[in-house]
$ cat protein.txt   # compact mmCIF, C-alpha atoms
# COMPACT_ATOMS: atom_id res chain seq x y z
CA MET N 1 -33.45 -26.80 44.15
CA LEU N 2 -34.88 -25.81 40.80
CA GLU N 3 -36.36 -28.30 38.42
CA ARG N 4 -34.31 -29.17 35.35
CA HIS N 5 -37.11 -27.92 33.15
CA THR N 6 -37.02 -24.45 34.72
CA GLN N 7 -33.24 -24.29 34.40
CA SER N 8 -33.50 -25.20 30.72
CA LEU N 9 -36.15 -22.54 30.26
CA HIS N 10 -33.79 -19.96 31.74
CA LEU N 11 -31.06 -20.91 29.30
CA LEU N 12 -33.44 -20.77 26.36
CA TYR N 13 -34.77 -17.45 27.64
CA LEU N 14 -31.29 -15.92 27.80
CA SER N 15 -30.43 -17.13 24.32
CA GLY N 16 -33.67 -15.69 22.94
CA GLU N 17 -35.09 -19.03 21.89
CA LEU N 18 -38.40 -18.87 23.76
CA SER N 19 -41.58 -17.95 21.96
CA TYR N 20 -43.49 -14.85 23.02
CA ASP N 21 -46.04 -16.90 24.97
CA GLN N 22 -43.30 -18.85 26.76
CA GLN N 23 -41.56 -15.61 27.71
CA GLN N 24 -44.78 -14.19 29.10
CA ALA N 25 -45.37 -17.33 31.13
CA LEU N 26 -41.85 -17.16 32.54
CA HIS N 27 -42.26 -13.48 33.48
CA GLU N 28 -45.51 -14.36 35.18
CA HIS N 29 -43.83 -17.12 37.15
CA HIS N 30 -40.91 -14.90 38.17
CA ARG N 31 -43.26 -12.37 39.75
CA ASP N 32 -44.06 -14.86 42.46
CA CYS N 33 -40.94 -17.06 42.57
CA ARG N 34 -37.88 -15.48 44.15
CA ILE N 35 -35.71 -18.62 43.74
CA CYS N 36 -36.24 -18.73 39.97
CA ARG N 37 -35.64 -15.00 39.73
CA LEU N 38 -32.36 -15.35 41.61
CA ASP N 39 -31.29 -18.30 39.49
CA LEU N 40 -31.87 -16.39 36.27
CA GLN N 41 -30.02 -13.37 37.64
CA GLN N 42 -26.99 -15.46 38.69
CA MET N 43 -26.89 -17.18 35.33
CA GLN N 44 -27.04 -13.85 33.54
CA GLU N 45 -24.23 -12.37 35.68
CA THR N 46 -21.98 -15.39 35.20
CA LEU N 47 -22.35 -15.26 31.43
CA GLN N 48 -21.76 -11.50 31.41
CA LEU N 49 -18.61 -11.99 33.47
CA TYR N 50 -17.35 -14.54 30.98
CA ARG N 51 -18.07 -12.19 28.07
CA SER N 52 -16.19 -9.39 29.81
CA ALA N 53 -12.97 -11.29 29.13
CA GLY N 54 -13.27 -9.88 25.61
CA ALA N 55 -12.58 -11.28 22.21
CA GLU N 56 -9.36 -12.46 20.66
CA THR N 57 -7.98 -11.20 17.36
CA VAL N 58 -6.31 -13.44 14.85
CA SER N 59 -3.08 -12.16 13.31
CA PRO N 60 -3.42 -10.26 9.99
CA ALA N 61 -0.97 -12.64 8.34
CA VAL N 62 -3.40 -15.53 8.78
CA THR N 63 -6.34 -13.63 7.32
CA ALA N 64 -4.19 -12.37 4.45
CA THR N 65 -3.18 -15.94 3.61
CA LEU N 66 -6.81 -17.05 3.66
CA LEU N 67 -7.97 -14.17 1.47
CA ALA N 68 -5.24 -14.91 -1.08
CA GLU N 69 -6.13 -18.59 -1.11
CA ALA N 70 -9.84 -17.85 -1.55
CA ARG N 71 -9.12 -15.52 -4.46
CA ARG N 72 -6.76 -18.01 -6.07
CA ARG N 73 -9.34 -20.77 -5.89
CA GLN N 74 -12.04 -18.47 -7.20
CA LEU N 75 -9.90 -17.53 -10.21
CA THR N 76 -8.99 -21.16 -10.84
CA ALA N 77 -12.67 -22.06 -10.84
CA TRP N 78 -13.45 -19.31 -13.35
CA GLN N 79 -10.54 -20.29 -15.58
CA TRP N 80 -11.79 -23.86 -15.61
CA TRP N 81 -15.31 -22.67 -16.47
CA ILE N 82 -14.05 -20.52 -19.33
CA SER N 83 -11.81 -23.28 -20.68
CA GLN N 84 -14.77 -25.65 -20.61
CA ARG N 85 -16.85 -23.18 -22.58
CA LEU N 86 -14.07 -22.62 -25.12
CA HIS N 87 -13.58 -26.34 -25.51
CA VAL N 88 -17.25 -26.85 -26.34
CA ASP N 89 -17.47 -24.00 -28.85
CA TRP N 90 -13.91 -24.12 -30.11
CA HIS N 91 -14.73 -24.97 -33.77
CA TRP N 92 -17.27 -22.18 -33.93
CA ALA N 93 -14.82 -19.73 -32.42
CA ARG N 94 -12.12 -20.66 -34.91
CA ALA N 95 -14.49 -20.45 -37.88
CA MET N 96 -15.74 -17.05 -36.75
CA ALA N 97 -12.22 -15.73 -36.23
CA LEU N 98 -11.14 -16.95 -39.67
CA THR N 99 -14.19 -15.38 -41.33
CA ALA N 100 -13.57 -12.07 -39.60
CA PHE N 101 -9.93 -12.13 -40.72
CA LEU N 102 -10.86 -12.83 -44.33
CA VAL N 103 -13.46 -10.05 -44.40
CA LEU N 104 -10.94 -7.61 -42.97
CA LEU N 105 -8.33 -8.66 -45.52
CA ALA N 106 -10.79 -8.26 -48.40
CA VAL N 107 -11.73 -4.76 -47.29
CA MET N 108 -8.06 -3.74 -47.09
CA VAL N 109 -7.25 -5.19 -50.50
CA ALA N 110 -10.27 -3.48 -52.06
CA ARG N 111 -9.20 -0.11 -50.70
CA LEU N 112 -5.48 -0.22 -51.54
CA PRO N 113 -5.60 -0.33 -55.43
CA GLN N 114 -8.03 2.60 -55.53
CA GLN N 115 -5.58 4.76 -53.65
CA ASN N 116 -2.65 3.68 -55.95
CA SER N 117 -4.41 4.31 -59.24
CA SER N 118 -5.81 7.64 -58.27
CA ALA N 119 -2.92 9.11 -56.35
CA MET N 120 0.29 7.28 -57.12
CA LEU N 121 -0.10 6.09 -60.70
CA ALA N 122 -1.60 9.26 -62.18
CA PRO N 123 1.74 10.91 -63.19
CA LEU N 124 2.96 7.71 -64.79
CA ILE N 125 -0.20 7.37 -66.88
CA THR N 126 0.11 11.00 -67.98
CA ALA N 127 3.73 10.48 -68.97
CA THR N 128 2.84 7.37 -70.98
CA SER N 129 0.11 9.26 -72.86
CA ALA N 130 2.53 12.09 -73.65
CA THR N 131 5.11 9.62 -74.89
CA ASP N 132 2.57 7.94 -77.14
CA ALA N 133 1.53 11.30 -78.59
CA TYR N 134 5.10 12.32 -79.15
CA LEU N 135 6.07 9.05 -80.83
CA SER N 136 3.11 9.40 -83.17
CA ASP N 137 4.21 12.92 -84.05
CA LEU N 138 7.80 11.79 -84.52
CA GLN N 139 6.72 8.96 -86.82
CA ARG N 140 4.67 11.39 -88.88
CA ARG N 141 7.65 13.76 -89.26
CA LEU N 142 10.03 10.98 -90.25
CA LEU N 143 7.54 9.84 -92.85
CA VAL N 144 7.47 13.39 -94.23
CA LEU N 145 11.26 13.41 -94.47
CA GLU N 146 11.34 10.01 -96.10
CA SER N 147 8.63 10.91 -98.56
CA GLY N 148 10.83 13.77 -99.91
CA SER N 149 8.37 16.52 -99.31
CA VAL N 150 11.35 18.38 -97.99
CA ARG N 151 14.12 17.74 -100.46
CA PRO N 152 17.20 19.56 -101.88
CA GLY N 153 16.50 22.37 -104.31
CA ARG N 154 17.63 22.72 -107.88
CA ASN N 155 19.88 25.64 -107.26
CA LEU N 156 22.27 26.47 -104.47
CA GLU N 157 19.78 28.66 -102.57
CA ASP N 158 17.09 26.00 -102.77
CA GLN N 159 19.52 23.34 -101.58
CA ASP N 160 20.68 25.48 -98.67
CA ARG N 161 17.06 26.16 -97.68
CA SER N 162 16.29 22.47 -97.93
CA ASP N 163 19.29 21.50 -95.78
CA ALA N 164 18.31 24.15 -93.24
CA LEU N 165 14.81 22.73 -93.04
CA VAL N 166 16.14 19.23 -92.44
CA ASP N 167 18.54 20.55 -89.79
CA ASP N 168 15.67 22.40 -88.09
CA GLU N 169 13.54 19.31 -88.12
CA LEU N 170 16.33 17.15 -86.67
CA ARG N 171 17.02 19.78 -83.95
CA ALA N 172 13.34 19.85 -83.08
CA ILE N 173 13.28 16.06 -82.81
CA ARG N 174 16.35 16.08 -80.48
CA MET N 175 14.82 18.76 -78.26
CA ARG N 176 11.56 16.90 -77.94
CA MET N 177 13.43 13.70 -77.07
CA ASN N 178 15.35 15.60 -74.38
CA ASP N 179 12.09 16.98 -72.99
CA LEU N 180 10.60 13.53 -72.90
CA ALA N 181 13.61 12.08 -71.10
CA ARG N 182 13.49 14.89 -68.52
CA ASP N 183 9.76 14.39 -67.91
CA ILE N 184 10.22 10.68 -67.35
CA LEU N 185 13.12 11.22 -64.95
CA ILE N 186 11.22 13.86 -62.96
CA ASP N 187 8.10 11.69 -62.71
CA MET S 1 -20.69 -6.76 -5.38
CA LYS S 2 -19.88 -4.86 -2.21
CA ALA S 3 -21.23 -6.49 0.87
CA ASN S 4 -22.68 -4.47 3.71
CA ASP S 5 -23.50 -5.50 7.27
CA ARG S 6 -27.04 -6.47 6.37
CA THR S 7 -25.96 -8.97 3.75
CA SER S 8 -26.84 -12.47 4.89
CA ASP S 9 -24.44 -15.39 4.89
CA ALA S 10 -26.45 -17.00 2.12
CA GLU S 11 -26.12 -13.91 -0.08
CA LEU S 12 -22.38 -13.70 0.59
CA ILE S 13 -21.87 -17.36 -0.25
CA GLN S 14 -23.85 -16.99 -3.44
CA ALA S 15 -21.82 -13.90 -4.35
CA TYR S 16 -18.60 -15.81 -3.72
CA GLN S 17 -19.80 -18.67 -5.90
CA GLU S 18 -20.59 -16.13 -8.63
CA GLY S 19 -17.06 -14.75 -8.45
CA SER S 20 -17.35 -11.68 -6.22
CA PRO S 21 -13.95 -10.79 -4.75
CA TYR S 22 -15.49 -9.08 -1.70
CA ALA S 23 -17.79 -11.85 -0.48
CA PHE S 24 -15.23 -14.09 1.20
CA ASN S 25 -13.52 -11.09 2.76
CA ARG S 26 -16.85 -10.14 4.35
CA LEU S 27 -17.52 -13.67 5.58
CA LEU S 28 -14.06 -13.82 7.10
CA GLN S 29 -14.54 -10.45 8.81
CA ARG S 30 -17.87 -11.58 10.19
CA TYR S 31 -16.65 -14.83 11.70
CA GLN S 32 -12.95 -14.38 12.42
CA THR S 33 -13.24 -12.94 15.92
CA PRO S 34 -15.85 -15.32 17.36
CA LEU S 35 -14.22 -18.34 15.75
CA PHE S 36 -10.72 -17.45 16.85
CA THR S 37 -11.86 -16.63 20.39
CA TYR S 38 -13.67 -19.96 20.51
CA LEU S 39 -10.56 -21.81 19.37
CA LEU S 40 -8.19 -19.93 21.66
CA ARG S 41 -10.40 -20.44 24.71
CA TRP S 42 -10.47 -24.10 23.97
CA VAL S 43 -6.86 -24.91 23.05
CA ARG S 44 -5.30 -22.04 25.12
CA ASP S 45 -2.37 -21.66 22.76
CA ARG S 46 -2.29 -18.84 20.21
CA ALA S 47 -0.12 -20.65 17.66
CA ILE S 48 -2.26 -23.78 17.74
CA ALA S 49 -5.44 -21.71 17.65
CA GLU S 50 -4.18 -19.87 14.58
CA ASP S 51 -3.30 -23.15 12.87
CA LEU S 52 -6.75 -24.52 13.60
CA PHE S 53 -8.37 -21.26 12.48
CA GLN S 54 -6.49 -21.34 9.21
CA GLU S 55 -7.27 -25.00 8.62
CA THR S 56 -10.95 -24.40 9.34
CA PHE S 57 -11.21 -21.64 6.76
CA LEU S 58 -9.10 -23.53 4.23
CA ARG S 59 -11.61 -26.36 4.43
CA VAL S 60 -14.39 -23.82 4.00
CA ILE S 61 -12.67 -22.35 0.92
CA ARG S 62 -12.29 -25.79 -0.60
CA ALA S 63 -15.92 -26.73 -0.02
CA LEU S 64 -17.56 -23.35 -0.63
CA PRO S 65 -17.97 -23.60 -4.44
CA ASP S 66 -20.26 -26.62 -3.98
CA TYR S 67 -21.81 -25.57 -0.65
CA ARG S 68 -25.62 -25.52 -0.83
CA GLU S 69 -26.97 -25.24 2.75
CA GLN S 70 -26.17 -21.54 2.83
CA ASP S 71 -28.48 -20.67 5.72
CA LYS S 72 -26.48 -22.83 8.11
CA PHE S 73 -23.05 -21.44 7.39
CA GLY S 74 -22.29 -20.53 11.02
CA SER S 75 -23.24 -23.98 12.21
CA TRP S 76 -21.17 -25.59 9.45
CA LEU S 77 -18.14 -23.37 10.17
CA PHE S 78 -18.12 -24.03 13.91
CA GLY S 79 -18.76 -27.69 13.25
CA ILE S 80 -15.56 -27.88 11.21
CA ALA S 81 -13.64 -26.00 13.91
CA HIS S 82 -15.08 -28.24 16.60
CA ARG S 83 -14.03 -31.43 14.82
CA LEU S 84 -10.56 -30.00 14.20
CA CYS S 85 -10.23 -29.24 17.91
CA LEU S 86 -11.28 -32.75 18.83
CA ASP S 87 -8.73 -34.16 16.35
CA HIS S 88 -6.08 -31.89 17.82
CA PHE S 89 -6.76 -33.13 21.35
CA ARG S 90 -6.86 -36.73 20.21
CA ARG S 91 -3.41 -36.31 18.71
CA GLN S 92 -2.22 -34.44 21.78
CA LYS S 93 -3.63 -37.06 24.12
CA ALA S 94 -1.35 -39.61 22.55
CA CYS S 95 1.61 -37.56 23.78
CA ARG S 96 0.31 -36.17 27.07
CA GLY S 97 -2.91 -36.08 29.04
CA ILE S 98 -5.76 -34.04 27.67
CA TRP S 99 -6.20 -30.67 29.38
CA GLN S 100 -2.78 -30.74 30.96
CA PRO S 101 -2.26 -27.27 32.42
CA ALA S 102 -0.67 -24.90 29.93
CA SER S 103 2.52 -23.04 30.74
CA ALA S 104 2.47 -19.49 32.08
CA ASP S 105 3.66 -18.18 28.70
CA GLU S 106 0.77 -19.86 26.91
CA GLY S 107 -1.61 -18.28 29.36
CA GLN S 108 -0.20 -14.83 28.71
CA GLN S 109 -0.65 -15.22 24.95
CA GLY S 110 -4.38 -15.37 25.39
CA VAL S 111 -4.66 -12.03 27.16
CA PRO S 112 -6.25 -9.47 24.85
CA GLU S 113 -4.76 -6.00 24.63
CA PRO S 114 -7.00 -3.07 23.78
CA ALA S 115 -5.75 -1.11 20.79
CA ASP S 116 -6.95 2.33 21.79
CA ARG S 117 -5.03 2.91 25.03
CA THR S 118 -2.23 1.48 27.07
CA PRO S 119 -3.59 -0.32 30.15
CA SER S 120 -2.09 0.43 33.52
CA PRO S 121 0.07 -2.23 35.21
CA GLN S 122 -2.74 -2.90 37.67
CA GLU S 123 -5.24 -3.41 34.82
CA ILE S 124 -2.84 -5.73 33.06
CA ALA S 125 -2.38 -7.73 36.23
CA GLU S 126 -6.14 -7.93 36.86
CA ARG S 127 -6.88 -8.92 33.30
CA HIS S 128 -4.16 -11.51 33.32
CA GLU S 129 -5.50 -12.89 36.58
CA PHE S 130 -9.02 -13.00 35.19
CA SER S 131 -7.83 -14.70 32.03
CA LEU S 132 -5.98 -17.33 34.04
CA LEU S 133 -9.06 -17.82 36.16
CA LEU S 134 -11.18 -18.41 33.08
CA ASP S 135 -8.60 -20.85 31.77
CA LEU S 136 -8.68 -22.65 35.09
CA ALA S 137 -12.47 -22.76 35.14
CA LEU S 138 -12.61 -24.09 31.59
CA GLU S 139 -9.85 -26.56 32.30
CA LYS S 140 -11.68 -28.05 35.26
CA MET S 141 -15.01 -28.08 33.46
CA PRO S 142 -16.27 -31.49 32.24
CA ALA S 143 -15.35 -31.80 28.57
CA PRO S 144 -18.91 -32.25 27.17
CA ALA S 145 -20.10 -29.23 29.16
CA ARG S 146 -17.13 -27.19 27.96
CA GLU S 147 -17.89 -28.02 24.32
CA VAL S 148 -21.47 -26.86 24.67
CA PHE S 149 -20.52 -23.78 26.67
CA LEU S 150 -17.84 -22.55 24.24
CA LEU S 151 -20.00 -23.20 21.21
CA ARG S 152 -22.92 -21.34 22.70
CA GLN S 153 -20.83 -18.38 23.86
CA HIS S 154 -18.84 -17.83 20.68
CA SER S 155 -20.82 -19.20 17.76
CA ASP S 156 -24.10 -17.66 18.89
CA LEU S 157 -25.84 -20.74 17.52
CA PRO S 158 -29.20 -21.66 19.05
CA PHE S 159 -29.21 -24.69 21.34
CA ARG S 160 -31.10 -26.75 18.78
CA GLU S 161 -28.32 -26.27 16.22
CA ILE S 162 -25.66 -26.99 18.81
CA ALA S 163 -27.48 -30.22 19.69
CA ALA S 164 -27.58 -31.16 16.01
CA LEU S 165 -23.92 -30.27 15.54
CA LEU S 166 -22.80 -32.31 18.54
CA GLU S 167 -25.30 -35.07 17.77
CA ARG S 168 -26.75 -34.95 21.27
CA PRO S 169 -30.37 -34.59 22.45
CA LEU S 170 -31.46 -31.02 23.13
CA ASN S 171 -32.17 -31.72 26.82
CA THR S 172 -28.68 -33.19 27.25
CA VAL S 173 -27.14 -30.09 25.68
CA LEU S 174 -29.20 -27.81 27.93
CA GLY S 175 -28.18 -29.82 31.00
CA GLN S 176 -24.51 -29.62 30.01
CA MET S 177 -24.78 -25.89 29.49
CA ARG S 178 -26.34 -25.50 32.88
CA GLN S 179 -23.53 -27.59 34.36
CA ALA S 180 -20.92 -25.39 32.67
CA VAL S 181 -22.48 -22.14 33.88
CA GLU S 182 -22.75 -23.47 37.42
CA HIS S 183 -19.14 -24.62 37.35
CA LEU S 184 -17.97 -21.23 36.12
CA ARG S 185 -20.02 -19.41 38.74
CA GLN S 186 -18.61 -21.53 41.58
CA THR S 187 -15.03 -21.05 40.37
CA MET S 188 -15.51 -17.28 40.28
CA GLU S 189 -17.18 -17.23 43.67
CA LYS S 190 -14.39 -19.26 45.24
CA HIS S 191 -11.79 -16.95 43.82
CA TYR S 192 -13.45 -13.64 44.66
CA ALA S 193 -14.90 -14.71 48.00
$ encode --input "protein.txt" --output "structure tokens"
Amino acid sequence: MLERHTQSLHLLYLSGELSYDQQQALHEHHRDCRICRLDLQQMQETLQLYRSAGAETVSPAVTATLLAEARRRQLTAWQWWISQRLHVDWHWARAMALTAFLVLLAVMVARLPQQNSSAMLAPLITATSATDAYLSDLQRRLLVLESGSVRPGRNLEDQDRSDALVDDELRAIRMRMNDLARDILID
Amino acid sequence: MKANDRTSDAELIQAYQEGSPYAFNRLLQRYQTPLFTYLLRWVRDRAIAEDLFQETFLRVIRALPDYREQDKFGSWLFGIAHRLCLDHFRRQKACRGIWQPASADEGQQGVPEPADRTPSPQEIAERHEFSLLLDLALEKMPAPAREVFLLRQHSDLPFREIAALLERPLNTVLGQMRQAVEHLRQTMEKHYA
């Protein structure tokens, strides 16, 4: 009958829990002790026989459930962490977002009028200038007519020439007004 | 982070706590077979073993974010499974005697089938017989010795950690292991003699 201590040493030896010195001492002892050698051998064979029964495999459905649950909990934990962070810095985040929005809006507003004046409003400005010039010219011509610089002659030929000049002037005024109206409509 | 075989439990737990989606998968892969075999050998019913397996890992998932003793994960995991098994048998004992022989169907559920080839009828019969023999040996084994034996065989924990887990002195645990091995050896000898 083996001592309890030796049996315990065999178990620790098989599970790899003996120090190097203890292993050497056990090997030394086994060289001379057949009973201990046999005991260790039987113990080893019995455990090997048990292990030969193989391992069991859990169903994939169980592992899939566990993986999903682990991921869900992990995501919940991260969501909580992020919400905590946002809660702490919420005022700063809002202020920064508002500032960014205002800067963006200012840039857009500053760019839009430049495009309108240069590209879209140019024809209208040109038309206005032309109208001003024409009205000045028209006013000058009417003043000439009113001042009598062109007036009926003393004889019939002079009167006819004078009437023709007035008619020409009125025709010219009508044509220029038509031109102006056409330009405005086209623009 | 992608875990490889050399990644320690502590590194995997830390990776899980930092949000890695692969870490828990790797931990589960590492421990699922030994833990499930341990549970099935003990309770001898696949459905119950799967319930206990799932409950064990659910408790791990719940506690893992705050888990700090990362070097002792295996011990902690098998400790949870061990306590769940004890609770299961306590509940069962209220209805019927503990370690009442399982039905033939329950015994068949525990027989592993290799995936790579179809075993011959003789192999199936031999394996089934061997599995029943193991069940019988474990059934007749004294309960404290069985606890130590199954923990040692499937968790691969050192005897010192098993003693700490079971809250028993190391010499007691070693004696119970010796008793279990001797019991198993005698059962096999009687059968194959």
$ closest_atom_pairs --input "protein.txt" --of "chain S" --to "chain N" --cutoff "7 Å" --atoms "only C-alpha atoms" --output "JSON lines"
{"residue": "S:Gly19", "atom": "CA", "partner": "N:Gln74", "partner_atom": "CA", "distance": 6.4}
{"residue": "S:Pro21", "atom": "CA", "partner": "N:Arg71", "partner_atom": "CA", "distance": 6.8}
{"residue": "S:Asn25", "atom": "CA", "partner": "N:Leu67", "partner_atom": "CA", "distance": 6.5}
{"residue": "S:Thr33", "atom": "CA", "partner": "N:Thr57", "partner_atom": "CA", "distance": 5.7}
{"residue": "S:Phe36", "atom": "CA", "partner": "N:Val58", "partner_atom": "CA", "distance": 6.3}
{"residue": "S:Thr37", "atom": "CA", "partner": "N:Glu56", "partner_atom": "CA", "distance": 4.9}
{"residue": "S:Glu50", "atom": "CA", "partner": "N:Val58", "partner_atom": "CA", "distance": 6.8}
{"residue": "S:Gln54", "atom": "CA", "partner": "N:Val62", "partner_atom": "CA", "distance": 6.6}
{"residue": "S:Leu58", "atom": "CA", "partner": "N:Leu66", "partner_atom": "CA", "distance": 6.9}
{"residue": "S:Ile61", "atom": "CA", "partner": "N:Ala70", "partner_atom": "CA", "distance": 5.9}
{"residue": "S:Pro112", "atom": "CA", "partner": "N:Glu56", "partner_atom": "CA", "distance": 6.0}
{"residue": "S:Ser131", "atom": "CA", "partner": "N:Ala53", "partner_atom": "CA", "distance": 6.8}
{"residue": "S:Leu174", "atom": "CA", "partner": "N:Ser8", "partner_atom": "CA", "distance": 5.8}
{"residue": "S:Val181", "atom": "CA", "partner": "N:Met43", "partner_atom": "CA", "distance": 6.8}
{"residue": "S:Arg185", "atom": "CA", "partner": "N:Thr46", "partner_atom": "CA", "distance": 5.7}
$ atom_distance --input "protein.txt" --atom1 "CA of Gln14 (chain S)" --atom2 "CA of Leu77 (chain S)"
16.1 Å
$ closest_residue --input "protein.txt" --among "S:Glu147, S:Glu126, S:Asp9, S:Glu139" --to "Gly74 (chain S)" --atoms "only C-alpha atoms"
S:Asp9
$ atom_distance --input "protein.txt" --atom1 "CA of His27 (chain N)" --atom2 "CA of Thr187 (chain S)"
29.1 Å
$ residues_around --input "protein.txt" --residues "Ala15 (chain S)" --least-positions-apart "4" --cutoff "12 Å" --atoms "all atoms listed in the file" --output "JSON list (two decimals) with C-alpha atoms, keeping the file's coordinate frame"
[["chain", "number", "residue", "atom", "x", "y", "z"],
["N", 74, "GLN", "CA", -12.04, -18.47, -7.20],
["S", 1, "MET", "CA", -20.69, -6.76, -5.38],
["S", 2, "LYS", "CA", -19.88, -4.86, -2.21],
["S", 3, "ALA", "CA", -21.23, -6.49, 0.87],
["S", 7, "THR", "CA", -25.96, -8.97, 3.75],
["S", 8, "SER", "CA", -26.84, -12.47, 4.89],
["S", 9, "ASP", "CA", -24.44, -15.39, 4.89],
["S", 10, "ALA", "CA", -26.45, -17.00, 2.12],
["S", 11, "GLU", "CA", -26.12, -13.91, -0.08],
["S", 19, "GLY", "CA", -17.06, -14.75, -8.45],
["S", 20, "SER", "CA", -17.35, -11.68, -6.22],
["S", 21, "PRO", "CA", -13.95, -10.79, -4.75],
["S", 22, "TYR", "CA", -15.49, -9.08, -1.70],
["S", 23, "ALA", "CA", -17.79, -11.85, -0.48],
["S", 24, "PHE", "CA", -15.23, -14.09, 1.20],
["S", 25, "ASN", "CA", -13.52, -11.09, 2.76],
["S", 26, "ARG", "CA", -16.85, -10.14, 4.35],
["S", 27, "LEU", "CA", -17.52, -13.67, 5.58],
["S", 64, "LEU", "CA", -17.56, -23.35, -0.63],
["S", 65, "PRO", "CA", -17.97, -23.60, -4.44],
["S", 70, "GLN", "CA", -26.17, -21.54, 2.83]]
$ atom_distance --input "protein.txt" --atom1 "CA of Glu161 (chain S)" --atom2 "CA of Arg68 (chain S)"
17.3 Å
$ closest_residue --input "protein.txt" --among "N:Asp137, N:Glu28, N:Glu3, N:Asp39" --to "Met177 (chain N)" --atoms "all atoms listed in the file"
N:Asp137
$ residues_around --input "protein.txt" --residues "Tyr38 (chain S)" --least-positions-apart "2" --cutoff "12 Å" --atoms "all atoms listed in the file" --output "count of residues only"
42
